[in-house]
$ cat protein_3.cif   # mmCIF, C-alpha atoms and all ligand atoms
data_protein
loop_
_atom_site.label_atom_id
_atom_site.label_comp_id
_atom_site.auth_asym_id
_atom_site.auth_seq_id
_atom_site.Cartn_x
_atom_site.Cartn_y
_atom_site.Cartn_z
CA MET A 1 -18.55 -18.05 16.26
CA THR A 2 -18.53 -14.21 16.02
CA ASP A 3 -20.98 -12.59 13.63
CA THR A 4 -18.55 -9.94 12.43
CA LEU A 5 -14.84 -9.35 12.85
CA ILE A 6 -13.65 -5.85 12.04
CA LEU A 7 -9.94 -5.96 11.19
CA VAL A 8 -8.36 -2.52 11.25
CA GLY A 9 -5.40 -2.54 8.87
CA SER A 10 -4.04 0.96 9.43
CA PRO A 11 -0.29 1.05 10.20
CA ARG A 12 -1.22 4.01 12.43
CA GLY A 13 -3.13 1.69 14.73
CA LYS A 14 -5.81 3.18 16.92
CA LYS A 15 -5.44 6.81 15.85
CA SER A 16 -6.48 6.43 12.24
CA SER A 17 -9.30 7.12 9.84
CA SER A 18 -9.74 3.36 9.57
CA THR A 19 -10.35 3.15 13.33
CA SER A 20 -12.88 5.96 13.20
CA LEU A 21 -14.77 4.10 10.44
CA GLY A 22 -14.46 0.83 12.36
CA ASN A 23 -15.75 2.26 15.64
CA HIS A 24 -18.75 3.74 13.91
CA LEU A 25 -19.56 0.56 11.99
CA LYS A 26 -19.14 -1.50 15.13
CA SER A 27 -21.80 0.44 16.99
CA LEU A 28 -24.16 0.34 13.99
CA LEU A 29 -23.80 -3.44 13.83
CA GLN A 30 -24.30 -3.81 17.58
CA ASP A 31 -27.45 -1.67 17.32
CA ARG A 32 -28.71 -4.28 14.88
CA GLY A 33 -28.08 -7.07 17.36
CA LEU A 34 -24.87 -8.45 15.84
CA GLU A 35 -21.93 -9.62 17.90
CA VAL A 36 -18.84 -7.72 16.77
CA GLU A 37 -15.15 -8.11 17.53
CA MET A 38 -12.63 -5.48 16.46
CA LEU A 39 -8.89 -6.09 16.18
CA TRP A 40 -6.02 -3.86 15.07
CA ILE A 41 -3.68 -5.85 12.84
CA LYS A 42 -0.72 -3.68 13.86
CA LEU A 43 -1.22 -4.60 17.52
CA GLN A 44 -1.71 -8.30 16.76
CA LEU A 45 1.34 -8.83 14.55
CA VAL A 46 3.71 -7.84 17.37
CA THR A 47 4.01 -11.36 18.80
CA GLU A 48 3.41 -14.86 17.48
CA GLU A 49 0.84 -15.47 20.19
CA LYS A 50 -1.20 -12.40 19.27
CA THR A 51 -0.87 -13.24 15.59
CA SER A 52 -2.32 -16.69 16.30
CA LEU A 53 -5.17 -15.12 18.26
CA MET A 54 -5.95 -12.91 15.26
CA LEU A 55 -5.93 -15.88 12.90
CA GLU A 56 -8.25 -17.75 15.28
CA ALA A 57 -10.60 -14.78 15.34
CA ILE A 58 -10.56 -14.74 11.54
CA SER A 59 -11.45 -18.40 11.31
CA ASP A 60 -14.24 -17.91 13.87
CA ALA A 61 -15.90 -14.98 12.10
CA GLU A 62 -18.99 -15.27 9.93
CA ALA A 63 -17.99 -12.02 8.18
CA VAL A 64 -14.67 -10.16 8.07
CA ILE A 65 -14.66 -6.42 7.40
CA MET A 66 -11.16 -5.23 6.50
CA ILE A 67 -10.86 -1.49 7.12
CA ALA A 68 -7.55 -0.13 5.90
CA PRO A 69 -5.83 2.72 4.09
CA LEU A 70 -4.34 2.60 0.60
CA TYR A 71 -0.53 2.54 0.65
CA ASP A 72 1.33 2.88 -2.65
CA ASP A 73 -1.74 2.00 -4.69
CA CYS A 74 -2.27 -1.26 -2.83
CA GLN A 75 -2.49 -2.94 0.58
CA PRO A 76 -0.31 -1.74 3.48
CA TYR A 77 2.45 -4.17 4.46
CA ILE A 78 0.61 -5.34 7.59
CA VAL A 79 -2.47 -6.23 5.55
CA THR A 80 -0.49 -8.11 2.88
CA LYS A 81 1.30 -9.96 5.67
CA THR A 82 -2.07 -10.96 7.16
CA MET A 83 -3.35 -12.10 3.77
CA GLU A 84 -0.20 -14.20 3.29
CA LEU A 85 -0.68 -15.78 6.74
CA ILE A 86 -4.32 -16.63 6.04
CA ALA A 87 -3.30 -18.26 2.77
CA ALA A 88 -0.30 -20.10 4.25
CA GLN A 89 -2.36 -21.50 7.12
CA GLU A 90 -5.13 -22.52 4.74
CA LEU A 91 -7.77 -21.20 7.15
CA ASP A 92 -11.15 -22.65 6.35
CA VAL A 93 -13.29 -19.58 5.70
CA LYS A 94 -15.32 -20.97 2.83
CA LYS A 95 -18.63 -19.24 2.28
CA ARG A 96 -17.92 -16.65 5.00
CA ARG A 97 -18.25 -13.05 3.87
CA PHE A 98 -15.44 -10.59 3.22
CA LEU A 99 -15.88 -6.84 2.70
CA PRO A 100 -13.06 -4.29 2.49
CA ILE A 101 -13.53 -0.60 3.36
CA ILE A 102 -10.52 1.30 2.07
CA ASN A 103 -9.66 4.98 2.41
CA CYS A 104 -6.91 6.90 0.67
CA GLY A 105 -5.21 10.28 0.88
CA PHE A 106 -5.91 11.58 -2.62
CA PRO A 107 -9.46 12.78 -3.20
CA GLU A 108 -10.18 10.37 -6.06
CA SER A 109 -11.44 6.93 -5.06
CA SER A 110 -10.14 5.66 -8.42
CA HIS A 111 -6.73 5.24 -6.77
CA ILE A 112 -8.35 2.51 -4.64
CA THR A 113 -10.59 0.86 -7.21
CA ALA A 114 -7.83 0.57 -9.84
CA VAL A 115 -5.80 -2.17 -8.14
CA ALA A 116 -6.34 -2.52 -4.39
CA ILE A 117 -9.98 -3.59 -4.59
CA PRO A 118 -9.25 -6.15 -7.33
CA ILE A 119 -6.39 -7.52 -5.18
CA TYR A 120 -8.78 -7.93 -2.24
CA LYS A 121 -11.24 -9.61 -4.60
CA LYS A 122 -8.58 -12.00 -5.85
CA PHE A 123 -7.58 -12.77 -2.28
CA ALA A 124 -11.20 -13.43 -1.30
CA SER A 125 -11.83 -15.77 -4.21
CA LYS A 126 -8.59 -17.69 -3.73
CA ILE A 127 -9.22 -18.16 -0.01
CA GLY A 128 -12.84 -19.11 -0.53
CA TYR A 129 -14.59 -16.07 0.96
CA ASP A 130 -17.85 -14.85 -0.51
CA TRP A 131 -17.35 -11.30 -1.72
CA ALA A 132 -19.84 -9.10 0.14
CA GLY A 133 -19.00 -5.85 -1.70
CA SER A 134 -16.48 -3.09 -1.05
CA LEU A 135 -16.28 0.61 -0.23
CA ALA A 136 -13.56 2.92 -1.57
CA LEU A 137 -13.32 6.30 0.15
CA GLY A 138 -11.23 9.04 -1.44
CA GLY A 139 -10.01 11.91 0.75
CA GLY A 140 -9.80 9.77 3.90
CA GLU A 141 -7.53 12.22 5.76
CA MET A 142 -10.56 14.51 6.00
CA LEU A 143 -11.93 12.08 8.58
CA GLN A 144 -9.09 13.25 10.86
CA GLY A 145 -8.72 9.85 12.47
CA ARG A 146 -5.00 10.56 12.73
CA TYR A 147 -5.83 13.11 15.42
CA GLY A 148 -8.07 10.65 17.26
CA LYS A 149 -11.30 12.14 15.90
CA GLN A 150 -14.36 9.91 15.62
CA LEU A 151 -16.85 10.07 12.78
CA ASP A 152 -19.41 11.82 14.98
CA ASP A 153 -16.88 14.53 15.93
CA ILE A 154 -16.48 15.97 12.44
CA GLY A 155 -19.99 17.08 11.58
CA GLY A 156 -20.96 17.32 7.93
CA LEU A 157 -17.56 16.07 6.74
CA GLY A 158 -18.53 12.62 7.98
CA ASP A 159 -22.01 12.59 6.40
CA LYS A 160 -21.21 10.57 3.31
CA ALA A 161 -19.16 7.96 5.17
CA ARG A 162 -21.84 7.64 7.89
CA ARG A 163 -24.54 7.13 5.29
CA GLU A 164 -22.57 4.42 3.55
CA LEU A 165 -21.72 2.62 6.81
CA GLU A 166 -25.46 2.54 7.66
CA LYS A 167 -26.06 0.75 4.35
CA ILE A 168 -23.25 -1.71 5.05
CA ALA A 169 -24.63 -2.40 8.54
CA ASP A 170 -28.09 -3.06 7.08
CA VAL A 171 -26.60 -5.37 4.51
CA LEU A 172 -24.56 -7.33 7.05
CA ALA A 173 -27.50 -7.62 9.44
CA GLY A 174 -29.81 -8.67 6.61
CA GLY A 175 -27.35 -11.18 5.16
CA ILE A 176 -27.51 -9.65 1.71
CA VAL A 177 -24.71 -8.40 -0.53
CA TYR A 178 -23.52 -4.80 -0.69
CA SER A 179 -22.29 -3.58 -4.03
CA ASP A 180 -18.85 -2.21 -4.92
CA GLU A 181 -19.17 1.47 -4.00
CA ALA A 182 -16.73 4.34 -4.39
CA LEU A 183 -17.08 7.89 -3.16
CA VAL A 184 -15.23 10.93 -1.94
CA VAL A 185 -15.40 11.81 1.76
CA MET A 186 -15.73 15.55 1.13
CA PRO A 187 -19.03 17.19 0.21
CA ASP A 188 -19.30 17.46 -3.60
CA ILE A 189 -18.93 21.26 -3.55
CA PHE A 190 -15.29 20.83 -2.45
CA LEU A 191 -14.60 19.06 -5.73
CA LYS A 192 -15.68 21.90 -8.02
CA PRO A 193 -12.70 23.21 -10.04
CA ILE A 194 -11.89 26.53 -8.34
CA LEU A 195 -12.60 25.37 -4.82
CA ALA A 196 -10.64 22.14 -5.39
CA ASP A 197 -7.64 24.18 -6.64
CA LEU A 198 -7.88 26.44 -3.61
CA ILE A 199 -8.03 23.50 -1.21
CA ARG A 200 -4.99 21.92 -2.86
CA TRP A 201 -3.08 25.20 -2.64
CA MET A 202 -3.96 25.58 1.04
CA ASN A 203 -3.01 21.98 1.72
CA ASN A 204 0.37 22.43 0.02
CA ARG A 205 0.96 25.59 2.05
CA MET A 206 0.05 23.82 5.24
CA TRP A 207 2.75 21.18 4.63
CA ARG A 208 5.29 23.91 3.91
CA SER A 209 4.58 25.73 7.14
CA GLN A 210 4.54 22.49 9.17
CA ALA A 211 8.06 21.76 7.93
CA GLU A 212 9.15 25.33 8.65
CA LYS A 213 7.88 24.96 12.20
CA HIS A 214 10.43 22.16 12.55
CA GLY A 215 13.14 24.36 11.06
CA ALA A 216 13.11 22.42 7.79
CA ALA A 217 12.33 23.01 4.13
CA VAL A 218 9.48 20.87 2.83
CA ASP A 219 11.34 20.40 -0.48
CA ALA A 220 14.71 19.45 1.08
CA ARG A 221 16.79 16.90 -0.84
CA PRO A 222 18.73 15.08 1.85
CA TYR A 223 19.85 12.25 -0.43
CA ALA A 224 20.78 14.29 -3.49
CA PRO A 225 24.27 13.32 -4.76
CA MET B 1 25.43 3.45 -13.59
CA ASN B 2 23.95 1.92 -10.44
CA ALA B 3 21.42 -0.86 -10.18
CA LEU B 4 19.71 -1.73 -6.92
CA ILE B 5 17.97 -5.09 -6.64
CA LEU B 6 15.42 -5.53 -3.86
CA ASN B 7 14.60 -9.20 -3.40
CA GLY B 8 11.27 -9.48 -1.62
CA SER B 9 11.20 -13.25 -1.20
CA LEU B 10 9.58 -14.51 1.98
CA LYS B 11 11.67 -16.33 4.58
CA GLY B 12 12.13 -19.95 3.58
CA GLN B 13 11.34 -19.32 -0.08
CA ASP B 14 14.42 -18.80 -2.23
CA GLY B 15 12.84 -19.12 -5.68
CA LEU B 16 13.81 -15.57 -6.61
CA GLN B 17 17.51 -16.12 -5.97
CA SER B 18 18.17 -17.51 -9.45
CA ILE B 19 16.59 -14.43 -11.05
CA GLN B 20 18.65 -12.18 -8.78
CA ASP B 21 21.78 -14.09 -9.87
CA ILE B 22 20.95 -13.71 -13.57
CA LEU B 23 20.27 -10.00 -13.20
CA GLU B 24 23.48 -9.41 -11.26
CA GLU B 25 25.55 -11.26 -13.82
CA GLU B 26 24.00 -9.66 -16.88
CA LEU B 27 24.12 -6.15 -15.46
CA ARG B 28 27.71 -6.49 -14.22
CA ASN B 29 28.77 -7.80 -17.61
CA GLY B 30 27.07 -4.75 -19.09
CA GLY B 31 29.20 -2.45 -16.94
CA TRP B 32 26.71 -1.70 -14.17
CA LEU B 33 27.49 -1.40 -10.49
CA VAL B 34 25.00 -3.74 -8.87
CA GLU B 35 23.93 -4.03 -5.28
CA SER B 36 21.31 -6.48 -4.02
CA PHE B 37 19.43 -6.80 -0.78
CA ILE B 38 17.50 -9.87 0.30
CA LEU B 39 14.98 -7.96 2.34
CA HIS B 40 13.90 -10.63 4.80
CA GLN B 41 17.53 -10.94 5.92
CA MET B 42 17.67 -7.26 6.83
CA GLU B 43 16.25 -5.48 9.81
CA ILE B 44 13.48 -3.38 8.31
CA ARG B 45 10.57 -2.08 10.30
CA SER B 46 7.28 -1.07 8.74
CA CYS B 47 6.00 2.44 8.07
CA ILE B 48 3.69 3.77 10.77
CA GLY B 49 2.03 6.45 8.64
CA CYS B 50 3.27 9.33 10.82
CA PHE B 51 4.31 11.61 7.90
CA ARG B 52 7.43 12.77 9.77
CA CYS B 53 9.28 12.24 6.46
CA TRP B 54 7.11 15.09 5.15
CA ASP B 55 6.48 17.52 7.97
CA THR B 56 9.31 17.13 10.48
CA THR B 57 12.46 15.88 8.72
CA PRO B 58 11.47 16.28 5.05
CA GLY B 59 12.87 13.46 2.94
CA ILE B 60 14.13 11.39 5.88
CA CYS B 61 12.10 8.75 7.67
CA THR B 62 12.49 9.47 11.37
CA GLY B 63 9.24 7.83 12.48
CA VAL B 64 10.89 4.43 12.43
CA ARG B 65 14.56 4.76 13.21
CA GLY B 66 17.69 2.74 13.61
CA ASP B 67 17.04 -0.08 11.16
CA ASP B 68 18.54 -0.94 7.76
CA ALA B 69 15.93 0.97 5.75
CA GLU B 70 17.69 4.33 5.63
CA GLU B 71 20.65 2.88 3.74
CA ILE B 72 18.30 1.29 1.20
CA ILE B 73 16.21 4.46 0.81
CA ARG B 74 19.37 6.52 0.20
CA LYS B 75 20.60 4.00 -2.37
CA ALA B 76 17.21 3.89 -4.09
CA ALA B 77 17.22 7.68 -4.38
CA ASN B 78 20.54 7.54 -6.21
CA ALA B 79 20.10 4.41 -8.31
CA ASP B 80 19.61 4.50 -12.05
CA ILE B 81 17.53 1.39 -11.97
CA LEU B 82 15.56 -0.20 -9.18
CA ILE B 83 14.61 -3.85 -9.58
CA PHE B 84 11.82 -5.38 -7.50
CA LEU B 85 11.70 -9.15 -7.13
CA THR B 86 8.60 -10.61 -5.56
CA SER B 87 6.36 -13.60 -5.43
CA LEU B 88 3.05 -12.69 -7.03
CA THR B 89 0.76 -12.10 -4.06
CA PHE B 90 -2.88 -12.00 -5.15
CA GLY B 91 -1.69 -9.86 -8.06
CA GLY B 92 0.42 -7.57 -5.86
CA TYR B 93 3.78 -7.32 -4.09
CA SER B 94 4.93 -9.66 -1.33
CA SER B 95 4.84 -8.31 2.22
CA GLU B 96 8.65 -8.18 2.39
CA LEU B 97 8.89 -5.99 -0.71
CA LYS B 98 5.92 -3.87 0.32
CA LYS B 99 7.52 -3.12 3.69
CA ILE B 100 10.47 -1.28 2.13
CA ILE B 101 8.41 0.38 -0.62
CA GLU B 102 6.32 2.10 2.07
CA ARG B 103 9.45 3.54 3.60
CA PHE B 104 10.14 5.36 0.28
CA LEU B 105 7.32 7.85 0.95
CA GLY B 106 9.78 10.65 1.74
CA LEU B 107 11.25 10.40 -1.76
CA LEU B 108 8.22 12.45 -2.77
CA GLN B 109 7.00 15.74 -1.41
CA PRO B 110 3.66 16.00 0.39
CA ALA B 111 2.47 18.71 -2.00
CA MET B 112 -0.04 17.51 -4.56
CA THR B 113 -0.46 18.32 -8.19
CA ILE B 114 -2.79 17.12 -10.93
CA VAL B 115 -1.39 14.53 -13.36
CA GLY B 116 -3.71 13.04 -15.96
CA GLY B 117 -6.77 14.39 -14.16
CA GLU B 118 -5.83 12.83 -10.81
CA HIS B 119 -4.01 14.04 -7.73
CA HIS B 120 -0.42 12.87 -7.32
CA HIS B 121 2.51 13.99 -5.18
CA VAL B 122 5.18 16.37 -6.41
CA LYS B 123 8.75 15.11 -7.03
CA ARG B 124 11.35 15.73 -4.33
CA TYR B 125 14.33 14.89 -6.54
CA GLU B 126 15.10 15.83 -10.11
CA ARG B 127 15.53 12.26 -11.22
CA TYR B 128 14.22 8.89 -10.13
CA PRO B 129 15.36 5.37 -10.99
CA SER B 130 13.67 3.35 -13.70
CA ILE B 131 11.77 0.38 -12.32
CA ILE B 132 11.73 -3.25 -13.35
CA ALA B 133 9.32 -5.37 -11.33
CA ILE B 134 9.57 -9.13 -11.71
CA ALA B 135 7.13 -11.48 -10.04
CA THR B 136 7.05 -15.24 -10.02
CA ALA B 137 4.10 -17.54 -9.46
CA GLU B 138 3.67 -21.30 -9.20
CA ASN B 139 0.68 -21.12 -11.52
CA LEU B 140 0.05 -18.23 -13.84
CA ASP B 141 -3.37 -16.68 -13.34
CA GLU B 142 -3.94 -14.19 -16.14
CA GLU B 143 -6.04 -11.88 -13.94
CA GLU B 144 -3.26 -11.70 -11.39
CA VAL B 145 -0.67 -11.09 -14.10
CA GLN B 146 -2.70 -8.16 -15.45
CA LEU B 147 -3.24 -6.82 -11.93
CA PHE B 148 0.50 -6.86 -11.28
CA LYS B 149 1.19 -4.92 -14.49
CA LYS B 150 -1.47 -2.39 -13.61
CA LEU B 151 -0.12 -2.05 -10.08
CA VAL B 152 3.35 -1.24 -11.41
CA ASP B 153 1.84 1.25 -13.90
CA ARG B 154 -0.14 2.97 -11.14
CA HIS B 155 2.77 2.89 -8.72
CA SER B 156 4.95 4.45 -11.41
CA LEU B 157 2.53 7.36 -11.77
CA ASN B 158 3.37 8.11 -8.15
CA PHE B 159 7.11 7.48 -8.37
CA TYR B 160 8.27 9.10 -11.63
CA PRO B 161 10.56 6.39 -13.05
CA PRO B 162 11.79 7.41 -16.52
CA LYS B 163 10.95 3.86 -17.67
CA HIS B 164 9.15 1.01 -16.03
CA ARG B 165 8.33 -2.57 -16.83
CA ALA B 166 6.54 -5.41 -15.05
CA GLU B 167 6.85 -9.09 -15.90
CA VAL B 168 5.53 -12.26 -14.34
CA PHE B 169 7.31 -15.60 -14.76
CA GLN B 170 6.18 -19.06 -13.89
CA SER B 171 8.49 -20.42 -11.18
CA GLY B 172 11.05 -22.78 -12.63
CA ASP B 173 10.36 -21.73 -16.23
CA GLU B 174 13.48 -22.62 -18.20
CA GLY B 175 13.19 -19.60 -20.45
CA ILE B 176 13.64 -17.10 -17.61
CA LEU B 177 17.32 -16.37 -18.38
CA GLU B 178 16.54 -15.33 -21.95
CA ARG B 179 13.49 -13.34 -20.94
CA VAL B 180 15.36 -11.44 -18.24
CA LYS B 181 18.08 -10.56 -20.76
CA GLY B 182 15.35 -9.52 -23.20
CA ILE B 183 13.86 -7.10 -20.66
CA LEU B 184 17.24 -5.48 -20.03
CA VAL B 185 17.89 -5.11 -23.74
CA ASP B 186 14.38 -3.79 -24.44
CA MET B 187 14.81 -1.20 -21.73
CA GLU B 188 18.19 -0.25 -23.19
CA MET B 189 19.95 -1.26 -19.98
CA LEU B 190 22.14 -3.61 -22.01
CA ARG B 191 23.33 -3.29 -25.54
C1 LIG A 301 3.50 4.97 2.90
C2 LIG A 301 2.20 5.59 2.49
C3 LIG A 301 1.74 5.39 1.20
C4 LIG A 301 0.53 5.96 0.79
N1 LIG A 301 0.11 5.76 -0.50
C5 LIG A 301 -1.04 6.33 -0.93
C6 LIG A 301 -1.48 6.16 -2.29
O1 LIG A 301 -0.85 5.46 -3.09
N2 LIG A 301 -2.60 6.81 -2.68
C7 LIG A 301 -3.34 7.57 -1.82
O2 LIG A 301 -4.35 8.14 -2.23
N3 LIG A 301 -2.96 7.73 -0.52
C8 LIG A 301 -1.84 7.12 -0.06
N4 LIG A 301 -1.44 7.28 1.25
C9 LIG A 301 -2.28 8.07 2.16
C10 LIG A 301 -3.20 7.24 3.05
O3 LIG A 301 -3.99 6.35 2.30
C11 LIG A 301 -4.09 8.20 3.83
O4 LIG A 301 -3.27 8.98 4.64
C12 LIG A 301 -5.18 7.52 4.63
O5 LIG A 301 -6.18 8.47 4.94
C13 LIG A 301 -4.67 6.94 5.94
O6 LIG A 301 -5.71 6.23 6.57
P1 LIG A 301 -5.58 5.67 8.06
O7 LIG A 301 -5.59 6.86 8.97
O8 LIG A 301 -6.78 4.80 8.22
O9 LIG A 301 -4.31 4.92 8.14
C14 LIG A 301 -0.24 6.74 1.69
C15 LIG A 301 0.24 6.95 2.99
C16 LIG A 301 1.44 6.38 3.40
C17 LIG A 301 1.92 6.62 4.79
#

$ encode --input "protein_3.cif" --output "structure tokens"
Amino acid sequence: MTDTLILVGSPRGKKSSSTSLGNHLKSLLQDRGLEVEMLWIKLQLVTEEKTSLMLEAISDAEAVIMIAPLYDDCQPYIVTKTMELIAAQELDVKKRRFLPIINCGFPESSHITAVAIPIYKKFASKIGYDWAGSLALGGGEMLQGRYGKQLDDIGGLGDKARRELEKIADVLAGGIVYSDEALVVMPDIFLKPILADLIRWMNNRMWRSQAEKHGAAVDARPYAP
Amino acid sequence: MNALILNGSLKGQDGLQSIQDILEEELRNGGWLVESFILHQMEIRSCIGCFRCWDTTPGICTGVRGDDAEEIIRKAANADILIFLTSLTFGGYSSELKKIIERFLGLLQPAMTIVGGEHHHVKRYERYPSIIAIATAENLDEEEVQLFKKLVDRHSLNFYPPKHRAEVFQSGDEGILERVKGILVDMEMLR
């Protein structure tokens, strides 16, 4: 039996903020003497054989940490698919621990706590998992996992996430329960009204110029009648 | 007026077919043009989070190409009403329905604005379809029912439907026909 299985549920796969969080948590857990396995759902769902291996790993794990982004206010398709498979196969995971770590694009973590966390909680209780707490991280793109960056590569921007992962690692190693936490990746100063408006303006401009670089208009309406 | 029905039943489970049939019949009788897709019978690949529909080919998903999704996305953009059918999945959408919803990302722009004190994306199109989301469950769990309604409310904040409505029915409930009609009338889709 594995102590902890980290399931990365980003549809981006290895280059994702979820991976960056997972890699960091994995090493923190290993430092505390835990045996950790990490799987990327996207890479497992490609064949039936790999899907079965993932389900076996889930049923062998003392604790499952689901690290995934928020997609359309809820779970990404690949995560929902995995939850359906776990339920359909009636995996016996009773009394094992389940803890989701979810990041989203918008700065507010309320997008995650509104529905996605309660869905994970409902899943956990229906399947028989013990809820070990949850972490909702607003502003997850700031972790730059999409560009292959690791948490230690991004300096102060990763401080809050690193701190919280330390707490989760302590909790998992100590066998106690983490609470339901929600925070914003960025330092608090970035959230003050004028600076927040400026950052949003710069972000919107960045998208415009990215599209222009590809010879396109960011506000194109290709399907307009 | 165009209605697009997206049936998110899982393979081997056809419990949503009767609701699809009722909706098609009622809407057609009410003068609507109706098109339905049973999603698991289509070739639809899942979003890979590449944002090409925002920064490379704005409005068009080119990260995952060559499947049936583009036709559905185009039809969704031009529908007057979009109807989601799903089995209630821990209070959320089924995987089959979720897979196509994710491919709709390009219907919005990447730019963000503040709505109700929170960040949301800016509209790409002037108008969006209204949404009716209908879920079925073997056993009704009130927490899940409330979660589903909240999910559709939250999702609607990000999708700009002029009207939206979420309902959960118990599978096999004999009153479904009347309740479906009632929703369409309430939403002024039928007179
Ligand atoms: C299809 C799609 C839907 C998304 N929906 C939301 C959303 O509803 N709210 C939000 O805050 N971010 C949303 N995002 C943004 C992701 O949550 C964000 O990019 C996240 O940081 C990605 O994490 P990852 O790199 O671990 O995949 C969405 C992204 C995609 C591609």

$ atom_distance --input "protein_3.cif" --atom1 "CA of Glu37 in chain A" --atom2 "atom O6 of ligand LIG 301 (chain A)"
20.4 Å

$ interface_residues --input "protein_3.cif" --of "chain A" --to "chain B" --cutoff "9 Å" --atoms "all atoms listed in the file" --output "PyMOL selection string"
chain A and resi 10-13+71-84+106-108+110-111+114-116+118-123+126+146+200-201+203-205+207-225

$ axis_aligned_box --input "protein_3.cif" --around "ligand LIG 301 (chain A)" --padding-each-side "5 Å" --output "AutoDock Vina command-line options"
--center_x -1.6 --center_y 6.9 --center_z 2.9 --size_x 20.3 --size_y 14.2 --size_z 22.1

$ residues_around --input "protein_3.cif" --residues "Met187 in chain B" --least-positions-apart "2" --cutoff "12 Å" --atoms "all atoms listed in the file" --output "list in words"
Ile81, Ser130, Ile131, Ile132, Pro162, Lys163, His164, Arg165, Ala166, Val180, Lys181, Gly182, Ile183, Leu184, Val185, Met189, Leu190 and Arg191 of chain B

$ closest_residue --input "protein_3.cif" --among "B:Phe169, B:Phe37, B:Trp32, B:Tyr160" --to "Met1 in chain B" --atoms "all atoms listed in the file"
B:Trp32

$ closest_residue --input "protein_3.cif" --among "B:Leu4, B:Cys61, B:Ile44, B:Ile19" --to "ligand LIG 301 (chain A)" --atoms "all atoms listed in the file"
B:Cys61

$ atom_distance --input "protein_3.cif" --atom1 "CA of Leu177 in chain B" --atom2 "CA of Ile72 in chain B"
26.4 Å

$ closest_residue --input "protein_3.cif" --among "B:Asn29, B:Thr62, B:Gln13, B:Gln20" --to "Leu85 in chain B" --atoms "all atoms listed in the file"
B:Gln20

$ closest_residue --input "protein_3.cif" --among "A:Leu45, A:Leu70, A:Met1, A:Ile168" --to "ligand LIG 301 (chain A)" --atoms "all atoms listed in the file"
A:Leu70

$ residues_around --input "protein_3.cif" --residues "Asp92 in chain A" --least-positions-apart "6" --cutoff "10 Å" --atoms "all atoms listed in the file" --output "list in words"
Ile58, Ser59, Asp60, Ile86, Ile127, Gly128 and Tyr129 of chain A

$ atom_distance --input "protein_3.cif" --atom1 "CA of Gly8 in chain B" --atom2 "CA of Leu140 in chain B"
18.8 Å

$ residues_around --input "protein_3.cif" --residues "Leu183 in chain A" --least-positions-apart "2" --cutoff "7 Å" --atoms "all atoms listed in the file" --output "list in words"
Ser109, Ala136, Leu137, Gly138, Glu181 and Val185 of chain A

$ closest_residue --input "protein_3.cif" --among "A:Lys94, A:Arg32, A:Lys149, A:Arg162" --to "ligand LIG 301 (chain A)" --atoms "all atoms listed in the file"
A:Lys149

$ closest_residue --input "protein_3.cif" --among "B:Gln170, B:Arg65, B:Phe51, B:Val145" --to "ligand LIG 301 (chain A)" --atoms "all atoms listed in the file"
B:Phe51

$ residues_around --input "protein_3.cif" --residues "Gly12 in chain B" --least-positions-apart "4" --cutoff "12 Å" --atoms "only C-alpha atoms" --output "PyMOL selection string"
chain B and resi 8+16-17+38+40-41

$ write_last_selection --input "protein_3.cif" --atoms "C-alpha atoms" --output "PDB file, in the frame of the given file"
ATOM      1  CA  GLY B   8      11.270  -9.480  -1.620  1.00  0.00           C
ATOM      2  CA  LEU B  16      13.810 -15.570  -6.610  1.00  0.00           C
ATOM      3  CA  GLN B  17      17.510 -16.120  -5.970  1.00  0.00           C
ATOM      4  CA  ILE B  38      17.500  -9.870   0.300  1.00  0.00           C
ATOM      5  CA  HIS B  40      13.900 -10.630   4.800  1.00  0.00           C
ATOM      6  CA  GLN B  41      17.530 -10.940   5.920  1.00  0.00           C
TER       7      GLN B  41
END

$ decode --input "protein_3.cif" --residues "range 63-68 of chain A" --atoms "N, CA, C and O atoms" --output "mmCIF file, in the first residue's frame"
data_model
loop_
_atom_site.group_PDB
_atom_site.id
_atom_site.type_symbol
_atom_site.label_atom_id
_atom_site.label_comp_id
_atom_site.auth_asym_id
_atom_site.auth_seq_id
_atom_site.Cartn_x
_atom_site.Cartn_y
_atom_site.Cartn_z
ATOM 1 N N ALA A 63 -3.860 7.667 1.191
ATOM 2 C CA ALA A 63 -4.423 9.014 1.013
ATOM 3 C C ALA A 63 -4.308 9.399 -0.460
ATOM 4 O O ALA A 63 -3.298 9.102 -1.107
ATOM 5 N N VAL A 64 -5.347 10.018 -0.982
ATOM 6 C CA VAL A 64 -5.306 10.517 -2.371
ATOM 7 C C VAL A 64 -5.384 12.036 -2.341
ATOM 8 O O VAL A 64 -6.302 12.607 -1.732
ATOM 9 N N ILE A 65 -4.397 12.678 -2.968
ATOM 10 C CA ILE A 65 -4.411 14.137 -3.090
ATOM 11 C C ILE A 65 -4.739 14.431 -4.551
ATOM 12 O O ILE A 65 -3.969 14.068 -5.441
ATOM 13 N N MET A 66 -5.869 15.059 -4.798
ATOM 14 C CA MET A 66 -6.264 15.399 -6.170
ATOM 15 C C MET A 66 -5.838 16.847 -6.420
ATOM 16 O O MET A 66 -6.325 17.758 -5.749
ATOM 17 N N ILE A 67 -4.900 17.036 -7.342
ATOM 18 C CA ILE A 67 -4.457 18.407 -7.628
ATOM 19 C C ILE A 67 -4.897 18.754 -9.048
ATOM 20 O O ILE A 67 -4.446 18.136 -10.016
ATOM 21 N N ALA A 68 -5.802 19.715 -9.156
ATOM 22 C CA ALA A 68 -6.421 19.965 -10.464
ATOM 23 C C ALA A 68 -6.824 21.430 -10.600
ATOM 24 O O ALA A 68 -6.956 22.139 -9.608
#
